[in-house]
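Engineer: Handing over upload_28.cif, mmCIF, C-alpha atoms.
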```cif
data_final
#
loop_
_atom_site.label_atom_id
_atom_site.label_comp_id
_atom_site.auth_asym_id
_atom_site.auth_seq_id
_atom_site.Cartn_x
_atom_site.Cartn_y
_atom_site.Cartn_z
CA MET S 1 8.17 -6.15 5.31
CA ALA S 2 6.73 -5.15 8.66
CA GLU S 3 7.26 -1.59 9.77
CA ASN S 4 6.80 -0.54 13.38
CA ARG S 5 6.37 3.10 14.22
CA ALA S 6 7.00 4.72 17.57
CA SER S 7 7.02 8.30 16.27
CA VAL S 8 4.33 10.52 14.77
CA TYR S 9 3.64 10.08 11.06
CA ALA S 10 4.60 12.86 8.67
CA GLU S 11 1.91 15.10 7.22
CA GLY S 12 -0.05 13.43 4.44
CA VAL S 13 0.91 9.85 5.35
CA PRO S 14 -2.01 7.42 5.88
CA CYS S 15 -1.77 6.87 9.63
CA TRP S 16 -5.05 5.27 10.74
CA VAL S 17 -8.23 3.54 9.57
CA ASP S 18 -11.58 2.90 11.15
CA ALA S 19 -14.81 1.16 10.21
CA GLN S 20 -18.29 2.46 10.96
CA LEU S 21 -20.43 -0.65 11.52
CA PRO S 22 -24.01 -1.40 12.61
CA ASP S 23 -22.75 -4.22 14.87
CA VAL S 24 -19.29 -3.87 16.41
CA ASP S 25 -19.41 -7.33 18.00
CA ALA S 26 -20.08 -8.91 14.61
CA GLY S 27 -17.17 -6.88 13.23
CA LYS S 28 -14.91 -8.19 15.99
CA ARG S 29 -15.80 -11.77 15.09
CA PHE S 30 -15.27 -11.20 11.34
CA TYR S 31 -11.98 -9.30 11.47
CA GLY S 32 -10.66 -11.17 14.48
CA GLU S 33 -10.83 -14.43 12.55
CA LEU S 34 -9.79 -12.98 9.19
CA PHE S 35 -6.74 -11.01 10.37
CA GLY S 36 -6.00 -12.36 13.84
CA TRP S 37 -6.92 -9.08 15.50
CA GLU S 38 -7.58 -8.78 19.22
CA PHE S 39 -9.72 -6.01 20.65
CA GLU S 40 -9.96 -3.67 23.60
CA ALA S 41 -12.35 -0.87 24.55
CA ALA S 42 -11.51 2.56 23.16
CA TYR S 43 -13.41 5.87 23.17
CA GLY S 44 -17.23 5.72 23.39
CA SER S 45 -18.53 2.47 21.94
CA SER S 46 -15.46 2.01 19.72
CA VAL S 47 -12.82 -0.68 20.06
CA TRP S 48 -9.14 -0.71 19.16
CA ALA S 49 -7.98 -3.61 17.00
CA ARG S 50 -4.50 -4.90 17.78
CA LEU S 51 -2.21 -7.23 15.86
CA ALA S 52 0.37 -8.89 18.11
CA GLY S 53 -0.24 -6.04 20.56
CA ALA S 54 0.21 -3.19 18.04
CA PRO S 55 -2.77 -0.94 17.16
CA VAL S 56 -3.92 -1.38 13.56
CA ALA S 57 -7.51 -0.08 13.32
CA ALA S 58 -10.68 0.91 15.15
CA LEU S 59 -14.21 -0.40 14.84
CA ALA S 60 -16.97 2.05 15.74
CA HIS S 61 -20.72 1.73 16.14
CA LYS S 62 -22.65 3.54 13.42
CA THR S 63 -24.95 5.85 15.37
CA ASP S 64 -27.07 6.90 12.39
CA GLY S 65 -28.49 4.21 10.13
CA ARG S 66 -28.38 6.62 7.19
CA MET S 67 -24.58 6.77 7.40
CA PRO S 68 -22.64 4.37 5.15
CA THR S 69 -21.08 1.19 6.49
CA VAL S 70 -17.55 2.01 5.45
CA TRP S 71 -13.81 1.93 6.12
CA THR S 72 -12.18 5.38 6.30
CA VAL S 73 -8.50 6.21 5.88
CA TYR S 74 -7.01 9.06 7.93
CA PHE S 75 -4.06 11.15 6.79
CA ALA S 76 -1.70 12.59 9.38
CA THR S 77 -1.68 16.33 9.96
CA PRO S 78 0.09 18.50 12.54
CA ASP S 79 -2.87 20.90 12.55
CA ALA S 80 -6.31 19.64 11.55
CA GLN S 81 -7.89 23.09 11.59
CA THR S 82 -5.33 24.51 9.16
CA THR S 83 -5.53 21.47 6.88
CA ALA S 84 -9.34 21.70 6.86
CA ARG S 85 -9.14 25.32 5.72
CA ARG S 86 -6.70 24.38 2.95
CA ILE S 87 -9.09 21.64 1.78
CA GLN S 88 -11.93 24.16 1.52
CA ARG S 89 -9.78 26.67 -0.36
CA ALA S 90 -8.83 23.93 -2.85
CA GLY S 91 -12.46 23.09 -3.63
CA GLY S 92 -13.04 20.28 -1.13
CA GLN S 93 -15.47 20.17 1.77
CA VAL S 94 -15.22 19.61 5.51
CA VAL S 95 -17.74 16.87 6.35
CA MET S 96 -16.97 16.78 10.09
CA ALA S 97 -15.09 19.68 11.65
CA PRO S 98 -11.98 18.81 13.71
CA LEU S 99 -13.08 17.16 16.95
CA PRO S 100 -10.91 16.10 19.93
CA VAL S 101 -11.10 12.35 20.69
CA ASP S 102 -10.56 11.58 24.39
CA GLY S 103 -6.93 12.68 24.52
CA ALA S 104 -5.99 10.40 21.62
CA GLY S 105 -5.90 13.20 19.06
CA THR S 106 -8.15 15.31 16.84
CA ALA S 107 -10.17 13.78 14.01
CA ALA S 108 -11.88 15.39 11.03
CA LEU S 109 -13.63 14.14 7.90
CA ALA S 110 -13.31 15.84 4.53
CA ALA S 111 -14.29 15.27 0.92
CA ASP S 112 -12.21 16.10 -2.13
CA PRO S 113 -13.70 18.06 -5.06
CA GLU S 114 -15.15 14.84 -6.54
CA GLY S 115 -16.76 13.85 -3.23
CA ALA S 116 -14.39 11.08 -2.07
CA VAL S 117 -14.37 11.11 1.74
CA PHE S 118 -11.20 10.81 3.80
CA GLY S 119 -10.12 11.56 7.35
CA LEU S 120 -7.54 13.76 9.02
CA TRP S 121 -5.78 12.76 12.23
CA GLN S 122 -3.83 15.18 14.43
CA PRO S 123 -2.17 12.91 16.99
CA ALA S 124 -1.92 13.42 20.72
CA GLY S 125 -1.81 10.24 22.81
CA HIS S 126 -2.40 7.99 19.79
CA PRO S 127 0.10 8.47 16.92
CA GLY S 128 -1.61 5.99 14.57
CA PHE S 129 -0.66 2.56 13.28
CA GLY S 130 1.69 0.62 15.53
CA VAL S 131 2.51 -1.66 12.61
CA ARG S 132 1.78 -1.62 8.89
CA HIS S 133 2.94 -3.35 5.71
CA GLU S 134 2.48 -6.86 7.06
CA PRO S 135 -0.34 -9.43 6.87
CA GLY S 136 -3.30 -8.24 8.92
CA ALA S 137 -2.20 -4.60 8.92
CA PHE S 138 -2.78 -1.57 6.71
CA ALA S 139 -0.89 -1.82 3.43
CA TRP S 140 -2.28 0.73 0.93
CA ALA S 141 -5.02 3.30 0.25
CA GLN S 142 -6.32 3.59 -3.30
CA LEU S 143 -8.44 6.50 -4.46
CA TYR S 144 -10.77 5.63 -7.32
CA ALA S 145 -11.46 8.95 -9.03
CA ARG S 146 -13.22 10.30 -12.10
CA ASP S 147 -10.28 12.56 -12.98
CA THR S 148 -6.92 11.27 -11.76
CA GLU S 149 -5.04 14.36 -12.95
CA ALA S 150 -7.33 16.58 -10.89
CA ALA S 151 -6.86 14.22 -7.93
CA ASN S 152 -3.08 14.42 -8.29
CA THR S 153 -3.32 18.22 -8.30
CA PHE S 154 -5.60 18.38 -5.25
CA TYR S 155 -3.71 15.87 -3.09
CA GLY S 156 -0.35 16.94 -4.47
CA HIS S 157 -0.94 20.46 -3.17
CA LEU S 158 -2.46 19.21 0.08
CA PHE S 159 0.17 16.56 0.89
CA HIS S 160 3.03 17.40 -1.46
CA GLU S 161 5.96 16.13 0.60
CA ALA S 162 4.30 12.78 1.40
CA LEU S 163 3.39 12.15 -2.24
CA PHE S 164 6.04 13.83 -4.34
CA GLY S 165 8.77 15.05 -1.97
CA PRO S 166 12.36 13.75 -1.96
CA GLY S 167 12.44 10.13 -0.82
CA ALA S 168 8.65 9.87 -0.64
CA GLU S 169 7.31 6.30 -0.51
CA PRO S 170 3.55 6.89 -0.51
CA ASP S 171 0.99 4.28 0.48
CA PHE S 172 -1.61 6.20 -1.51
CA GLY S 173 -2.44 5.65 -5.19
CA ARG S 174 -4.96 7.13 -7.61
CA ALA S 175 -6.80 5.26 -10.39
CA PRO S 176 -9.93 5.73 -12.53
CA VAL S 177 -13.13 4.33 -11.03
CA GLY S 178 -13.75 2.32 -14.20
CA ASP S 179 -10.51 0.37 -13.79
CA VAL S 180 -12.20 -1.86 -11.20
CA PHE S 181 -15.77 -0.68 -10.60
CA PRO S 182 -18.74 0.30 -12.75
CA ASP S 183 -18.31 3.83 -14.09
CA VAL S 184 -21.46 4.95 -12.25
CA MET S 185 -19.89 4.25 -8.84
CA PRO S 186 -18.97 7.48 -7.00
CA PRO S 187 -15.29 8.30 -6.39
CA HIS S 188 -14.09 6.75 -3.14
CA PHE S 189 -11.12 5.53 -1.11
CA LEU S 190 -10.47 1.81 -0.70
CA VAL S 191 -8.44 0.67 2.33
CA HIS S 192 -6.12 -2.29 1.64
CA PHE S 193 -4.97 -4.78 4.29
CA GLY S 194 -2.00 -7.04 3.75
CA VAL S 195 -2.43 -10.81 3.41
CA ALA S 196 0.12 -13.58 2.93
CA ASP S 197 -2.07 -15.47 0.42
CA CYS S 198 -4.88 -13.66 -1.38
CA GLU S 199 -6.74 -16.81 -2.52
CA SER S 200 -6.72 -18.26 0.99
CA ALA S 201 -7.91 -14.97 2.48
CA LEU S 202 -10.76 -14.83 -0.05
CA GLY S 203 -11.89 -18.24 1.13
CA SER S 204 -11.96 -16.94 4.69
CA VAL S 205 -13.94 -13.85 3.67
CA SER S 206 -16.61 -16.03 2.05
CA ARG S 207 -16.72 -18.47 4.97
CA LEU S 208 -17.20 -15.58 7.40
CA GLY S 209 -20.15 -14.17 5.49
CA GLY S 210 -18.42 -11.57 3.34
CA ARG S 211 -18.35 -11.49 -0.44
CA VAL S 212 -15.93 -10.85 -3.28
CA GLN S 213 -16.56 -7.71 -5.37
CA ALA S 214 -13.60 -7.82 -7.75
CA GLY S 215 -10.40 -9.73 -8.42
CA PRO S 216 -7.96 -11.00 -7.66
CA PHE S 217 -6.19 -8.77 -10.17
CA THR S 218 -2.64 -7.55 -10.60
CA ALA S 219 -1.93 -3.90 -9.78
CA SER S 220 1.35 -2.00 -9.81
CA TYR S 221 1.55 -2.44 -6.04
CA GLY S 222 0.61 -6.14 -5.74
CA THR S 223 -2.19 -8.68 -6.13
CA VAL S 224 -5.52 -7.17 -5.06
CA ALA S 225 -9.01 -8.46 -4.34
CA VAL S 226 -11.89 -6.16 -3.40
CA VAL S 227 -14.29 -7.61 -0.84
CA THR S 228 -17.02 -6.62 1.61
CA ASP S 229 -17.35 -7.80 5.17
CA ASN S 230 -20.49 -9.45 6.56
CA GLN S 231 -22.06 -6.01 7.16
CA GLY S 232 -21.31 -4.47 3.77
CA ALA S 233 -18.13 -2.47 4.42
CA SER S 234 -15.79 -2.64 1.42
CA PHE S 235 -12.03 -3.10 1.72
CA ALA S 236 -9.27 -4.80 -0.24
CA LEU S 237 -6.82 -7.61 0.36
CA LEU S 238 -3.27 -7.00 -0.86
CA GLU S 239 -0.68 -9.72 -1.41
CA ARG S 240 2.87 -8.56 -2.10
#
```
Translate the structure described by the file into structure tokens.

Structural biologist:
Amino acid sequence: MAENRASVYAEGVPCWVDAQLPDVDAGKRFYGELFGWEFEAAYGSSVWARLAGAPVAALAHKTDGRMPTVWTVYFATPDAQTTARRIQRAGGQVVMAPLPVDGAGTAALAADPEGAVFGLWQPAGHPGFGVRHEPGAFAWAQLYARDTEAANTFYGHLFHEALFGPGAEPDFGRAPVGDVFPDVMPPHFLVHFGVADCESALGSVSRLGGRVQAGPFTASYGTVAVVTDNQGASFALLER
């Protein structure tokens, strides 16, 4: 079911995603055809992706070739500085200190104790997703971890209400790396986008120059396939 949001997301809720790509124009062609996204200029060399007019993601130019080509999920926070300090006290690291983004909000990057990287977003002019939980929009974030109990402890303390509070309906799961990937792969987050038909979407990924990494397989939250785009950024397709 589609869910439109006009208000700010609660602390600990996945509220935004972006991709760091070598070629933003190539990303626009790939994702525009795959998900029906339209694009407009955003901050710097980045672009907003919109689905039927609602913001769903950003594509950004990777300024350093040594950086990974990757999708990043951002969790909402009312105070990025305070959340960053809590992450450090809990054994995580701040990869990029909180940085204002052209009046849209404040962004930060962090890593949990196992090294999985995620973002923080303190909203100002941009609250986050305009729509989610529908084809072409964000649907789920899965953390593939070495130690899921340790991950539950870390994120449970960091984002308790969003994950375990009364009435919580989290879009954030934890699973062992070896469930889907080789055991040697580092812990990481995998952003999932909704699709109406996973098999059909996989055909589009291949036709557009991407590739299938895993699946489709059945998870507790739907039918999932892990893919990469035509520049090597991994993400997942989720049919519910």

Engineer: Find the residues around Gly128 of chain S up to 8 Å (all atoms listed in the file counted), leave out those fewer than 5 positions away in its own chain, and share them as an mmCIF file with C-alpha atoms, in the coordinates of the input.

Structural biologist:
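selection08.cif, written as the output of this step:
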```
data_model
loop_
_atom_site.group_PDB
_atom_site.id
_atom_site.type_symbol
_atom_site.label_atom_id
_atom_site.label_comp_id
_atom_site.auth_asym_id
_atom_site.auth_seq_id
_atom_site.Cartn_x
_atom_site.Cartn_y
_atom_site.Cartn_z
ATOM 1 C CA VAL S 8 4.330 10.520 14.770
ATOM 2 C CA TYR S 9 3.640 10.080 11.060
ATOM 3 C CA CYS S 15 -1.770 6.870 9.630
ATOM 4 C CA TRP S 16 -5.050 5.270 10.740
ATOM 5 C CA PRO S 55 -2.770 -0.940 17.160
ATOM 6 C CA VAL S 56 -3.920 -1.380 13.560
ATOM 7 C CA PRO S 123 -2.170 12.910 16.990
#
```

Engineer: Of the candidates S:Ala41, S:Met96, S:Ala19, S:Ala233, which one gets nearest to Leu59 of chain S if we count only C-alpha atoms?

Structural biologist: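 Closest to Leu59 of chain S, using only C-alpha atoms: S:Ala19.
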
Engineer: List the residues matched by the PyMOL selection byres ((chain S and resi 191-201) around 10) in the displayed structure as a count of residues only, ordered by chain and then by residue number.

Structural biologist: 47

Engineer: Go through segment 52-134 of chain S and flag each residue having an atom no more than 10 Å from segment 20-30 of chain S; for those, report the closest pair of atoms plus their distance in Å to one decimal, using all atoms listed in the file, ordered by chain and rising number, as a Markdown table.

Structural biologist:
```
| residue | atom | partner | partner_atom | distance |
| --- | --- | --- | --- | --- |
| S:Ala58 | CA | S:Gln20 | CA | 8.8 |
| S:Leu59 | CA | S:Gln20 | CA | 6.3 |
| S:Ala60 | CA | S:Gln20 | CA | 5.0 |
| S:His61 | CA | S:Leu21 | CA | 5.2 |
| S:Lys62 | CA | S:Leu21 | CA | 5.1 |
| S:Thr63 | CA | S:Pro22 | CA | 7.8 |
| S:Asp64 | CA | S:Pro22 | CA | 8.8 |
| S:Gly65 | CA | S:Pro22 | CA | 7.6 |
| S:Met67 | CA | S:Gln20 | CA | 8.4 |
| S:Pro68 | CA | S:Gln20 | CA | 7.5 |
| S:Thr69 | CA | S:Leu21 | CA | 5.4 |
| S:Val70 | CA | S:Gln20 | CA | 5.6 |
| S:Trp71 | CA | S:Gln20 | CA | 6.6 |
| S:Thr72 | CA | S:Gln20 | CA | 8.2 |
```

Engineer: If the box runs along x, y and z of the file and leaves 3 Å on each side of segment 85-88 of chain S, what are its centre and edge lengths in Å, one decimal, as AutoDock Vina command-line options?

Structural biologist:
```
--center_x -9.3 --center_y 23.5 --center_z 3.6 --size_x 11.2 --size_y 9.7 --size_z 10.2
```

Engineer: Just checking: using all atoms listed in the file, which residue out of S:Ala124, S:Ala150, S:Val131, S:Leu158 ends up closest to Ile87 of chain S?

Structural biologist: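 Looking at the shortest contact to Ile87 of chain S, the residue is S:Leu158.
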
Engineer: For a test of reading the model, state the distance in Å between atom CA of Gly119 of chain S and atom CA of Gly209 of chain S, rounded to one decimal.

Structural biologist: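 One can read the atom CA of Gly119 of chain S to atom CA of Gly209 of chain S distance as 27.7 Å.
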